[in-house]
Structures are given as structure tokens and as C-alpha cells.
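**Q** Provided below: data-v5.txt, containing compact mmCIF, C-alpha atoms.
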# COMPACT_ATOMS: atom_id res chain seq x y z
CA MET A 1 0.00 0.00 0.00
CA ALA A 2 2.84 2.38 0.87
CA MET A 3 4.58 1.63 -2.40
CA SER A 4 1.36 2.15 -4.36
CA LEU A 5 0.72 5.46 -2.61
CA ALA A 6 4.30 6.61 -3.21
CA PHE A 7 3.79 6.01 -6.94
CA HIS A 8 0.27 7.41 -7.18
CA ILE A 9 0.92 10.61 -5.26
CA ILE A 10 3.29 11.86 -7.97
CA PHE A 11 0.45 11.72 -10.49
CA ALA A 12 -2.04 13.14 -8.02
CA VAL A 13 0.21 16.14 -7.43
CA MET A 14 0.81 16.71 -11.15
CA GLY A 15 -2.89 16.16 -11.83
CA ILE A 16 -3.63 19.17 -9.63
CA GLY A 17 -0.87 21.42 -10.95
CA MET A 18 -0.67 20.71 -14.69
CA PRO A 19 -4.26 21.73 -15.61
CA LEU A 20 -3.67 25.14 -14.04
CA LEU A 21 -0.51 25.56 -16.12
CA MET A 22 -2.31 24.76 -19.38
CA VAL A 23 -5.21 27.08 -18.47
CA LEU A 24 -2.86 29.97 -17.71
CA ALA A 25 -0.99 29.39 -20.98
CA GLU A 26 -4.23 29.36 -23.00
CA ARG A 27 -5.38 32.50 -21.19
CA GLN A 28 -2.22 34.23 -22.35
CA TRP A 29 -2.96 33.12 -25.89
CA LEU A 30 -6.50 34.51 -25.70
CA ARG A 31 -5.09 37.80 -24.44
CA THR A 32 -2.12 38.18 -26.81
CA ARG A 33 -2.84 35.78 -29.71
CA GLN A 34 0.86 34.96 -29.81
CA PRO A 35 1.34 31.41 -31.21
CA VAL A 36 3.88 30.44 -28.54
CA TRP A 37 1.18 30.45 -25.85
CA LEU A 38 -1.14 28.25 -27.89
CA ASP A 39 1.69 25.81 -28.60
CA LEU A 40 2.50 25.74 -24.89
CA ALA A 41 -1.12 25.09 -23.89
CA LYS A 42 -1.40 22.23 -26.37
CA ARG A 43 1.86 20.66 -25.19
CA TRP A 44 0.81 20.84 -21.56
CA SER A 45 -2.64 19.45 -22.35
CA LYS A 46 -0.96 16.35 -23.78
CA GLY A 47 1.15 16.01 -20.66
CA THR A 48 -1.96 16.41 -18.50
CA ALA A 49 -3.71 13.64 -20.44
CA ILE A 50 -0.77 11.25 -19.98
CA LEU A 51 -0.54 11.95 -16.25
CA PHE A 52 -4.32 11.67 -15.83
CA ALA A 53 -4.42 8.26 -17.51
CA VAL A 54 -1.68 6.74 -15.37
CA GLY A 55 -3.03 8.44 -12.24
CA ALA A 56 -6.45 6.92 -12.89
CA VAL A 57 -4.94 3.43 -13.20
CA SER A 58 -2.81 3.71 -10.06
CA GLY A 59 -5.73 5.26 -8.15
CA THR A 60 -7.95 2.34 -9.10
CA VAL A 61 -5.32 -0.06 -7.74
CA LEU A 62 -5.41 1.84 -4.45
CA SER A 63 -9.18 1.49 -4.19
CA PHE A 64 -8.84 -2.30 -4.51
CA GLU A 65 -6.00 -2.37 -2.00
CA LEU A 66 -8.12 -0.56 0.58
CA GLY A 67 -10.61 -3.40 0.51
CA LEU A 68 -8.13 -6.26 0.18
CA LEU A 69 -5.41 -5.13 2.55
CA TRP A 70 -7.44 -3.20 5.13
CA PRO A 71 -10.79 -5.02 5.50
CA THR A 72 -11.24 -4.28 9.21
CA PHE A 73 -10.47 -0.61 8.71
CA MET A 74 -12.91 -0.29 5.80
CA GLU A 75 -15.66 -2.11 7.73
CA TYR A 76 -15.17 0.27 10.63
CA ALA A 77 -14.46 3.55 8.82
CA GLY A 78 -16.29 3.10 5.50
CA PRO A 79 -19.70 4.34 6.70
CA ILE A 80 -18.05 7.34 8.37
CA ILE A 81 -15.71 8.58 5.62
CA GLY A 82 -17.60 7.27 2.62
CA MET A 83 -18.85 10.78 1.81
CA PRO A 84 -15.50 12.39 0.85
CA PHE A 85 -14.61 9.31 -1.21
CA SER A 86 -17.95 9.54 -3.04
CA LEU A 87 -17.51 13.26 -3.67
CA GLU A 88 -13.97 12.60 -4.88
CA GLY A 89 -15.42 10.15 -7.41
CA ILE A 90 -17.83 12.80 -8.68
CA ALA A 91 -15.01 15.34 -9.01
CA PHE A 92 -12.83 12.76 -10.76
CA PHE A 93 -15.47 11.94 -13.37
CA THR A 94 -16.14 15.64 -13.89
CA GLU A 95 -12.44 16.15 -14.53
CA ALA A 96 -12.39 13.22 -16.97
CA ILE A 97 -15.38 14.55 -18.93
CA PHE A 98 -14.04 18.08 -19.28
CA LEU A 99 -10.53 16.84 -20.06
CA GLY A 100 -12.03 14.95 -23.00
CA VAL A 101 -13.88 18.09 -24.09
CA TYR A 102 -10.68 20.10 -23.76
CA LEU A 103 -8.48 17.67 -25.68
CA TYR A 104 -10.89 17.18 -28.60
CA GLY A 105 -12.52 20.59 -28.61
CA TRP A 106 -9.76 22.80 -29.99
CA THR A 107 -11.55 23.22 -33.34
CA LYS A 108 -15.08 22.38 -32.22
CA LEU A 109 -15.64 25.00 -29.50
CA SER A 110 -15.25 28.74 -29.39
CA ALA A 111 -11.95 29.86 -27.90
CA ARG A 112 -13.54 31.06 -24.67
CA ALA A 113 -15.75 27.98 -24.27
CA HIS A 114 -12.67 25.82 -24.74
CA TRP A 115 -10.79 27.79 -22.09
CA TRP A 116 -13.68 27.38 -19.64
CA ALA A 117 -13.54 23.62 -20.22
CA GLY A 118 -9.91 23.78 -19.13
CA VAL A 119 -10.90 25.77 -16.05
CA ALA A 120 -13.38 22.99 -15.18
CA VAL A 121 -10.54 20.44 -15.45
CA ALA A 122 -8.32 22.50 -13.16
CA VAL A 123 -11.02 23.12 -10.55
CA SER A 124 -12.36 19.56 -10.46
CA GLY A 125 -8.83 18.12 -10.26
CA THR A 126 -8.04 20.31 -7.27
CA VAL A 127 -11.36 19.52 -5.58
CA SER A 128 -10.80 15.80 -6.14
CA GLY A 129 -7.49 15.97 -4.29
CA ILE A 130 -9.02 17.97 -1.44
CA PHE A 131 -11.72 15.35 -0.82
CA VAL A 132 -9.12 12.58 -0.59
CA VAL A 133 -7.13 14.62 1.90
CA PHE A 134 -10.32 15.17 3.93
CA ALA A 135 -10.62 11.39 4.31
CA ASN A 136 -6.98 11.08 5.35
CA ALA A 137 -7.32 14.01 7.77
CA TRP A 138 -10.10 12.13 9.55
CA MET A 139 -7.63 9.36 10.34
CA ASN A 140 -5.50 11.96 12.17
CA SER A 141 -8.46 13.66 13.85
CA PRO A 142 -11.44 11.27 13.95
CA THR A 143 -14.82 12.95 14.55
CA GLY A 144 -18.43 12.45 13.46
CA PHE A 145 -19.27 9.39 15.57
CA THR A 146 -19.69 8.17 19.14
CA LEU A 147 -18.04 5.03 20.49
CA VAL A 148 -20.36 2.62 22.31
CA ASP A 149 -18.84 -0.70 23.38
CA GLY A 150 -16.01 -0.13 20.92
CA LYS A 151 -18.33 0.39 17.95
CA PRO A 152 -19.06 3.70 16.17
CA VAL A 153 -22.68 4.90 16.44
CA ALA A 154 -24.54 8.21 15.85
CA LEU A 155 -22.60 8.66 12.61
CA ASP A 156 -22.34 12.17 11.13
CA PRO A 157 -20.50 11.92 7.78
CA ILE A 158 -20.43 15.70 7.27
CA ALA A 159 -18.82 16.29 10.67
CA ALA A 160 -16.37 13.48 9.89
CA MET A 161 -15.47 15.03 6.53
CA LEU A 162 -15.05 18.49 8.06
CA ASN A 163 -12.89 17.23 10.93
CA PRO A 164 -10.44 19.62 12.65
CA ALA A 165 -7.48 18.38 10.58
CA ALA A 166 -9.29 18.79 7.24
CA LEU A 167 -8.52 22.45 6.55
CA PRO A 168 -4.83 22.55 7.56
CA GLN A 169 -4.07 19.26 5.79
CA ALA A 170 -5.99 20.13 2.60
CA LEU A 171 -4.39 23.58 2.43
CA HIS A 172 -0.91 22.16 2.98
CA MET A 173 -1.31 19.40 0.39
CA THR A 174 -2.91 21.63 -2.25
CA LEU A 175 -0.18 24.24 -1.94
CA ALA A 176 2.38 21.43 -2.08
CA ALA A 177 0.87 20.21 -5.36
CA PHE A 178 1.07 23.66 -6.96
CA ALA A 179 4.56 24.38 -5.63
CA THR A 180 5.87 20.94 -6.66
CA THR A 181 4.45 21.11 -10.18
CA GLY A 182 5.52 24.71 -10.68
CA ILE A 183 9.09 24.16 -9.49
CA ALA A 184 9.45 20.92 -11.49
CA VAL A 185 8.24 22.52 -14.73
CA ALA A 186 10.28 25.65 -14.08
CA GLY A 187 13.36 23.52 -13.44
CA ILE A 188 12.98 21.61 -16.71
CA HIS A 189 12.60 24.75 -18.80
CA ALA A 190 15.32 26.54 -16.81
CA TRP A 191 17.69 23.74 -17.82
CA MET A 192 16.67 24.15 -21.46
CA LEU A 193 17.15 27.93 -21.22
CA ARG A 194 20.73 27.47 -20.06
CA LYS A 195 21.32 25.93 -23.49
CA ASP A 196 19.26 28.45 -25.47
CA ARG A 197 18.46 31.66 -23.55
CA SER A 198 16.56 33.17 -26.49
CA SER A 199 13.95 30.40 -26.89
CA PRO A 200 10.50 32.07 -26.66
CA PHE A 201 8.89 28.69 -25.92
CA HIS A 202 11.02 27.92 -22.87
CA ARG A 203 10.90 31.54 -21.66
CA ALA A 204 7.10 31.47 -21.79
CA ALA A 205 6.96 28.07 -20.05
CA LEU A 206 9.30 29.26 -17.28
CA ALA A 207 7.20 32.38 -16.73
CA VAL A 208 3.92 30.46 -16.33
CA ALA A 209 5.49 27.84 -14.07
CA LEU A 210 6.83 30.55 -11.77
CA TRP A 211 3.41 32.21 -11.61
CA ILE A 212 2.14 29.27 -9.59
CA ALA A 213 5.39 28.06 -7.99
CA VAL A 214 6.32 31.35 -6.32
CA PRO A 215 3.11 32.13 -4.40
CA ALA A 216 2.52 28.46 -3.53
CA SER A 217 6.08 27.97 -2.20
CA LEU A 218 5.93 31.12 -0.08
CA LEU A 219 2.42 30.44 1.26
CA GLN A 220 3.54 26.91 2.12
CA ILE A 221 5.64 28.39 4.93
CA VAL A 222 2.47 29.77 6.56
CA SER A 223 0.57 26.55 5.86
CA GLY A 224 3.35 24.45 7.36
CA ASP A 225 3.32 26.56 10.50
CA LEU A 226 -0.45 26.08 10.87
CA SER A 227 -0.10 22.32 10.35
CA ALA A 228 2.72 22.05 12.89
CA LYS A 229 0.73 23.95 15.52
CA PHE A 230 -2.24 21.64 14.91
CA VAL A 231 -0.04 18.56 15.34
CA ALA A 232 1.41 20.03 18.54
CA LYS A 233 -2.10 20.46 19.93
CA THR A 234 -3.70 17.17 18.81
CA GLN A 235 -0.83 14.68 18.24
CA PRO A 236 1.91 15.55 20.76
CA VAL A 237 3.67 12.21 20.39
CA LYS A 238 3.96 12.79 16.64
CA LEU A 239 5.41 16.26 17.26
CA ALA A 240 7.96 14.81 19.66
CA ALA A 241 9.00 12.24 17.04
CA LEU A 242 9.20 14.87 14.30
CA GLU A 243 11.59 16.91 16.40
CA GLY A 244 13.57 14.05 17.98
CA HIS A 245 12.39 15.44 21.33
CA PHE A 246 12.60 12.88 24.16
CA LYS A 247 12.33 14.87 27.40
CA THR A 248 9.38 17.05 28.43
CA GLU A 249 10.57 20.60 29.04
CA ARG A 250 9.62 24.23 29.04
CA GLY A 251 11.47 26.41 26.58
CA ALA A 252 12.03 23.34 24.42
CA THR A 253 14.96 23.23 22.03
CA LEU A 254 14.46 23.00 18.26
CA ARG A 255 16.73 20.42 16.65
CA ILE A 256 17.77 20.78 13.02
CA GLY A 257 19.22 17.57 11.61
CA GLY A 258 20.56 14.87 13.87
CA ILE A 259 19.66 11.18 14.14
CA PRO A 260 17.40 10.26 17.08
CA ASN A 261 18.57 7.29 19.15
CA GLU A 262 15.68 5.56 20.91
CA ARG A 263 18.05 3.55 23.10
CA THR A 264 19.96 6.52 24.53
CA ARG A 265 16.96 8.85 24.10
CA GLU A 266 19.08 11.57 22.56
CA THR A 267 19.38 13.20 19.12
CA PRO A 268 23.10 13.59 18.44
CA TYR A 269 24.64 15.65 15.61
CA ALA A 270 21.69 18.11 15.60
CA ILE A 271 21.96 21.89 15.47
CA GLU A 272 20.08 23.06 18.56
CA ILE A 273 18.21 26.37 18.90
CA PRO A 274 17.11 26.99 22.51
CA LYS A 275 13.39 27.67 23.13
CA ALA A 276 12.60 27.73 19.39
CA LEU A 277 10.45 24.57 19.46
CA SER A 278 8.21 25.97 22.20
CA PHE A 279 7.72 29.16 20.21
CA LEU A 280 7.05 27.43 16.88
CA ALA A 281 4.62 24.93 18.45
CA PHE A 282 2.73 27.19 20.84
CA ALA A 283 3.82 30.80 20.06
CA ASP A 284 5.36 30.98 23.54
CA PHE A 285 9.10 30.71 24.21
CA ASP A 286 8.44 29.16 27.65
CA ALA A 287 5.62 26.75 26.68
CA GLU A 288 5.91 23.14 27.78
CA VAL A 289 6.49 20.61 25.01
CA LYS A 290 5.93 16.98 25.92
CA GLY A 291 8.74 14.61 25.05
CA LEU A 292 8.46 11.02 23.88
CA GLU A 293 9.20 9.85 27.44
CA ALA A 294 5.77 11.19 28.47
CA PHE A 295 4.11 8.45 26.39
CA PRO A 296 4.26 4.64 26.47
CA GLU A 297 6.90 3.29 24.09
CA SER A 298 4.17 1.17 22.50
CA ASP A 299 2.65 4.44 21.23
CA TRP A 300 5.89 5.76 19.70
CA PRO A 301 6.23 5.87 15.92
CA PRO A 302 9.59 4.92 14.35
CA VAL A 303 11.31 8.06 15.65
CA ALA A 304 14.38 8.19 13.40
CA VAL A 305 12.35 7.59 10.23
CA VAL A 306 9.81 10.28 11.07
CA HIS A 307 12.42 12.82 12.18
CA ILE A 308 14.59 12.39 9.09
CA ALA A 309 11.57 12.54 6.75
CA PHE A 310 10.44 15.74 8.47
CA GLN A 311 13.90 17.30 8.08
CA ILE A 312 13.94 16.41 4.37
CA MET A 313 10.48 17.91 3.83
CA VAL A 314 11.25 21.15 5.66
CA GLY A 315 14.71 21.47 4.14
CA LEU A 316 13.58 21.06 0.54
CA GLY A 317 10.53 23.26 1.13
CA SER A 318 12.85 25.98 2.46
CA LEU A 319 15.03 25.76 -0.65
CA MET A 320 11.95 26.09 -2.86
CA ALA A 321 10.86 29.14 -0.85
CA LEU A 322 14.37 30.60 -1.20
CA ALA A 323 14.23 30.19 -4.98
CA SER A 324 10.80 31.87 -4.97
CA LEU A 325 12.12 34.83 -2.97
CA TRP A 326 14.94 35.14 -5.50
CA VAL A 327 12.35 35.32 -8.29
CA VAL A 328 10.35 37.96 -6.37
CA VAL A 329 13.47 40.11 -6.02
CA LEU A 330 14.05 39.89 -9.77
CA TRP A 331 10.43 40.81 -10.47
CA ILE A 332 10.66 43.82 -8.16
CA ARG A 333 13.82 44.91 -9.97
CA LYS A 334 11.96 44.38 -13.27
CA ARG A 335 14.36 41.70 -14.43
CA ALA A 336 13.26 38.52 -16.18
CA PRO A 337 14.13 35.33 -14.25
CA ALA A 338 15.05 33.75 -17.60
CA ASP A 339 17.98 36.20 -17.86
CA SER A 340 19.56 35.12 -14.56
CA ARG A 341 21.86 32.21 -15.27
CA PRO A 342 22.55 31.44 -11.56
CA LEU A 343 18.80 31.29 -10.86
CA LEU A 344 18.26 29.01 -13.86
CA GLY A 345 20.90 26.64 -12.50
CA PHE A 346 19.34 26.68 -9.02
CA LEU A 347 15.86 25.97 -10.42
CA ALA A 348 17.23 23.13 -12.55
CA LEU A 349 18.76 21.53 -9.45
CA LEU A 350 15.43 21.90 -7.62
CA THR A 351 13.43 20.05 -10.33
CA PRO A 352 12.84 16.89 -8.22
CA ALA A 353 12.79 18.73 -4.87
CA GLY A 354 9.02 19.07 -4.59
CA PHE A 355 8.38 15.40 -5.35
CA ILE A 356 10.91 14.29 -2.74
CA ALA A 357 9.39 16.71 -0.21
CA VAL A 358 5.87 15.38 -0.92
CA GLU A 359 7.00 11.78 -0.45
CA ALA A 360 8.75 12.73 2.79
CA GLY A 361 5.66 14.65 3.91
CA TRP A 362 3.46 11.60 3.49
CA VAL A 363 5.94 9.53 5.50
CA VAL A 364 5.60 12.18 8.22
CA THR A 365 1.79 12.01 8.06
CA GLU A 366 1.35 8.24 7.88
CA VAL A 367 4.36 6.82 9.72
CA GLY A 368 4.19 9.63 12.27
CA ARG A 369 0.68 8.48 13.25
CA GLN A 370 1.80 4.91 13.97
CA PRO A 371 0.95 2.66 15.68
CA TRP A 372 -2.53 4.05 14.95
CA ILE A 373 -4.37 3.83 11.64
CA ILE A 374 -7.17 5.91 13.24
CA GLN A 375 -5.60 8.15 15.86
CA GLY A 376 -6.48 6.90 19.33
CA VAL A 377 -9.23 4.60 18.01
CA MET A 378 -7.81 1.72 15.96
CA ARG A 379 -4.29 0.37 15.76
CA THR A 380 -2.72 -0.49 12.43
CA ALA A 381 -2.04 -4.06 13.56
CA ASP A 382 -5.76 -4.56 14.14
CA ALA A 383 -6.77 -3.13 10.77
CA VAL A 384 -4.52 -4.94 8.29
CA THR A 385 -5.40 -8.20 6.53
CA PRO A 386 -3.99 -11.37 8.13
CA MET A 387 -3.43 -12.84 4.66
CA PRO A 388 0.13 -14.20 4.26
CA GLY A 389 2.17 -14.55 1.09
CA LEU A 390 1.98 -10.99 -0.28
CA VAL A 391 5.63 -10.84 -1.35
CA VAL A 392 5.00 -11.99 -4.94
CA PRO A 393 2.18 -9.48 -5.66
CA PHE A 394 4.26 -6.77 -4.02
CA LEU A 395 7.23 -7.46 -6.30
CA ALA A 396 4.96 -7.74 -9.34
CA PHE A 397 3.28 -4.40 -8.66
CA THR A 398 6.63 -2.75 -7.94
CA ALA A 399 7.99 -3.92 -11.29
CA LEU A 400 4.80 -2.73 -13.02
CA TYR A 401 5.04 0.72 -11.43
CA ILE A 402 8.70 1.07 -12.40
CA PHE A 403 7.80 0.14 -15.97
CA LEU A 404 4.92 2.63 -16.03
CA GLY A 405 7.16 5.33 -14.57
CA VAL A 406 9.75 4.86 -17.31
CA ILE A 407 7.07 4.93 -20.03
CA VAL A 408 5.48 8.09 -18.62
CA ALA A 409 8.85 9.87 -18.38
CA TRP A 410 9.61 8.97 -22.00
CA LEU A 411 6.18 10.09 -23.23
CA LEU A 412 6.40 13.41 -21.42
CA TRP A 413 9.87 14.02 -22.80
CA ALA A 414 8.73 13.16 -26.31
CA GLN A 415 5.54 15.25 -26.20
CA ILE A 416 6.71 18.33 -24.32
CA ILE A 417 10.47 18.71 -24.57
CA ARG A 418 12.02 16.68 -27.36
CA THR A 419 9.88 17.88 -30.28
CA ARG A 420 10.69 21.27 -31.75
CA PRO A 421 8.35 24.09 -30.63
CA ALA A 422 6.03 25.42 -33.32
Here is the file; what I need is its structure written in the form of C-alpha cells.
**A**
Amino acid sequence: MAMSLAFHIIFAVMGIGMPLLMVLAERQWLRTRQPVWLDLAKRWSKGTAILFAVGAVSGTVLSFELGLLWPTFMEYAGPIIGMPFSLEGIAFFTEAIFLGVYLYGWTKLSARAHWWAGVAVAVSGTVSGIFVVFANAWMNSPTGFTLVDGKPVALDPIAAMLNPAALPQALHMTLAAFATTGIAVAGIHAWMLRKDRSSPFHRAALAVALWIAVPASLLQIVSGDLSAKFVAKTQPVKLAALEGHFKTERGATLRIGGIPNERTRETPYAIEIPKALSFLAFADFDAEVKGLEAFPESDWPPVAVVHIAFQIMVGLGSLMALASLWVVVLWIRKRAPADSRPLLGFLALLTPAGFIAVEAGWVVTEVGRQPWIIQGVMRTADAVTPMPGLVVPFLAFTALYIFLGVIVAWLLWAQIIRTRPA
């Protein structure tokens, strides 16, 4: 399941970001009638179609895995969180319908009607992702039911869907999708511009990619702060694991880097900033932050894994924000980012950064909640299928995903980069 999610989330992220890119490019064409914008919109629409197709396949696999691998969880949680999954299905089919209209309607619709079809693709794709995150947020903050003799009763699917974690998680993931897609696309075209600085196609593509990457990357700092404060309030053991924080203390130290050692209950090799963790978690330099020692070891997640994943996510997100600030400075000085060779090199290096940060972020979310699949309600060990002998299907699916990944990379390169711009 983890491997399937790691593969699928790449396409989910691109499925949210790419439609917005193609819509912005077509909007520029409607405004200027310059052929480069139309060519760009058509190229990106092909990339969106490829990503949508593979994302649909990998998403379907996940829906089967939920039933096959997590039968107890689905029996328990299905009636409670069925609503966001159903609404996600509606949004997904809406996206599919309008993507078909968009792809085959270039000569059959008016220019503005065609653009609005693209807007429908972008909106429904984003909404689809939000509904999935709502379901996942419920696992971190379960609401909308009452427990009687260990069974959920008085179900309220709307309250479950709009659980306290829904807004911070959905905001954080949506911004991550836009920032990741924008930085990745900007990085690819920045690399091409280092070879040919005068290319109008790559200059236009870089400009549009930065239009979504810059605000999303900068707003992600605010979103991350909101998410961290929510975790501090509702999942203190997860916060302690994220920070490699073992001892309860006031004026808690923030640790950057380091490798937590559960045996010695220390985090050596970390850069320590006194009182910073208390301030970041509770907006109070002297606030008490509970350490892992305040909780039974049976409730600890794998501390080193969670801490390192969190450091990777924050570190790469900070680099993306730094690149965005660099772009803002150039815009203020009325200089084109495409004319800054150092920035182009930095963006090219950051091409995979968003994807790595997203993968690390989902490790933080899912592994950081362990040993619970539903926080405080159901343990993962009680929810998973007892079926043995899953090694062969696991290896088969892994090989299939690697094959699909290679094919998708080749198709995107052939459709968007390799062919000569019109």
C-alpha cells in the first residue's frame, strides 16, 4: 500500500498542478494571440492527459487495496468517511469529462468555451485531491461518531469530513501540489534555457510555471506553521518524534538535523536552537512541550524515520521558498528570471525537490501516526489483513510501477520537450 501510494501521489500532485498551467498558458494566448502560448497550452494538455491516464490506473489499484489489505479498517471507517470518497469520485469523473472536451474541442468549441472547459478540469482536479485529503485528515483527527462498546454509532458523515485536521491538511497538500508542479516545470525549462536563452517557448513556459510556484512555495511556509501547531495540539507524540524530542521541558529546544537514538533517548549531531520549538509549536518561548518519554513506548512511531523525513520535507521546502524569494526580487527589480543564469541553475537543481518533499511529507503524516491507523481509536495491527504470502504481488506491482514510470517519463519528454516548438 505504501509503495502504491508513493507512486500514485506523484500523479495526483501533477494532476492538480498541470491543468492550471495549461489554463494559464491558453489564457495568455487569448489575451495576446501569440502562437507560442497556444503551442505551450497544447503541449501541456498532452502532458496532462498522460498523467491523468496513469493516475487513474494507479488510483484504481489503491481502491482495490483498501478493501483487500485493510478489511477491518474499511468495515469500521467506510460508513463514516464514505462521503468524501464519493464526492472525490464525482469530481474525478467531472475532470475526466471536461478533459475529453478540452483535448478534442480545440476546433469544435469557441476559444472562450474551450478555455472554460480547461478551467473545469483545473477546478475539479483540485477539488478531487481535497476530498481525498479530507478522508486522510479524519484518520488523524477522527470525529463524526460516538463510540459505544467499541463500535461507532450516531454517525455524522459531514462532521467526519469536516474534521479539525481537514482544513490545515488540505491547504498544505494543495499548496504542495502547486509548488511541486511549478518548481518541477520551471526547473525543466530553466535547464533548457541554459542551453538556449533566447527560446520564446522555454521563456514562456518558465514564466507560467513561476506564476504558480512562487506564491505556492511562499504560502507553504504559513501553511506548514499552521499544520505544525495543529499537530502540537492534537498529536503531541507525533510532534515529539518529528523533532527528535525525548524529554518534556519548558522552553524546548528546536533540533535541526541529527539522528534520534531511541536507546539513549538523545538526538546527536543536531543543530540546537534553545526555546525555538516551544515558540514554533505554541507561540510561547516558555511553553511546555511533551517529550516522547511522556508516552508509552508502544505508542511511539519509528522516531528516526519520522524525524529524518520531516527534516527532508522542511529542508527542501525551504530551498523552494528561497528560490521563490529570488524570483520575487528579480520581479521587483523588473528583471526577467530567464535572464539570470545562476537562478536558472538553481531551479534546474530543484526540479525533483518538490516530489521528494511530498513523499517525505506523506511519510511524516502516515508513519508519524503509527501505531494508529485511526488516531487513538484503531491500531494499524488490528486493521490490516492477516493474509500471508503478499511478497509476490508486491514485487509484481513494484515492477509494473517502475515500468509505467519509465514509459510516462519517455512520453512526457517526447511530447513536451524533445519535439521542436512550433
**Q** Between A:Val36, A:Ala205, A:Met14, A:Ala190, which is the closest to Leu350 (chain A) once you count only C-alpha atoms?
**A**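 Of the candidates, the smallest distance to Leu350 (chain A) is held by A:Ala190.
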**Q** With all atoms listed in the file as the atoms that count, which of A:Leu69, A:Gly129, A:Glu75, A:Ser318 lies nearest to Glu88 (chain A)?
**A**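 Nearest to Glu88 (chain A): A:Gly129.
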**Q** Identify which of the residues A:Ala25, A:Ser4, A:Asp284, A:Phe73 lies closest to Ala381 (chain A), counting all atoms listed in the file when measuring atom-to-atom distances.
**A**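 Looking at the shortest contact to Ala381 (chain A), the residue is A:Phe73.
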**Q** Pick the closest to Val314 (chain A) from A:Gly224, A:Gly258, A:Pro337, A:Gly89: which is it, counting all atoms listed in the file?
**A**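 So, comparing all the options, the nearest one is A:Gly224.
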**Q** Hey, which of A:Phe98, A:Ala49, A:Pro19, A:Met192 ends up closest to Ala122 (chain A)? Count only C-alpha atoms.
**A**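 Result for the nearest residue to Ala122 (chain A): A:Pro19.
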**Q** How many Å separate CA of Ile9 (chain A) from CA of Phe403 (chain A)?
**A**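 These atoms are spaced 16.5 Å apart.
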**Q** For region 73-84 of chain A, supply N, CA and C atoms and report the output as a tab-separated table (two decimals), in the coordinates of the input.
**A**
chain	number	residue	atom	x	y	z
A	73	PHE	N	-10.40	-2.07	8.75
A	73	PHE	CA	-10.47	-0.61	8.71
A	73	PHE	C	-11.65	-0.14	7.87
A	74	MET	N	-11.84	-0.73	6.69
A	74	MET	CA	-12.91	-0.29	5.80
A	74	MET	C	-14.28	-0.61	6.39
A	75	GLU	N	-14.39	-1.76	7.08
A	75	GLU	CA	-15.66	-2.11	7.73
A	75	GLU	C	-16.00	-1.09	8.81
A	76	TYR	N	-14.97	-0.66	9.52
A	76	TYR	CA	-15.17	0.27	10.63
A	76	TYR	C	-15.37	1.70	10.12
A	77	ALA	N	-14.49	2.14	9.21
A	77	ALA	CA	-14.46	3.55	8.82
A	77	ALA	C	-15.28	3.87	7.57
A	78	GLY	N	-15.58	2.85	6.76
A	78	GLY	CA	-16.29	3.10	5.50
A	78	GLY	C	-17.56	3.91	5.64
A	79	PRO	N	-18.47	3.55	6.56
A	79	PRO	CA	-19.70	4.34	6.70
A	79	PRO	C	-19.47	5.77	7.18
A	80	ILE	N	-18.32	6.01	7.82
A	80	ILE	CA	-18.05	7.34	8.37
A	80	ILE	C	-17.41	8.25	7.33
A	81	ILE	N	-16.44	7.73	6.58
A	81	ILE	CA	-15.71	8.58	5.62
A	81	ILE	C	-16.05	8.22	4.18
A	82	GLY	N	-17.19	7.57	3.99
A	82	GLY	CA	-17.60	7.27	2.62
A	82	GLY	C	-17.94	8.52	1.83
A	83	MET	N	-18.43	9.57	2.52
A	83	MET	CA	-18.85	10.78	1.81
A	83	MET	C	-17.71	11.45	1.03
A	84	PRO	N	-16.56	11.76	1.65
A	84	PRO	CA	-15.50	12.39	0.85
A	84	PRO	C	-15.01	11.51	-0.30
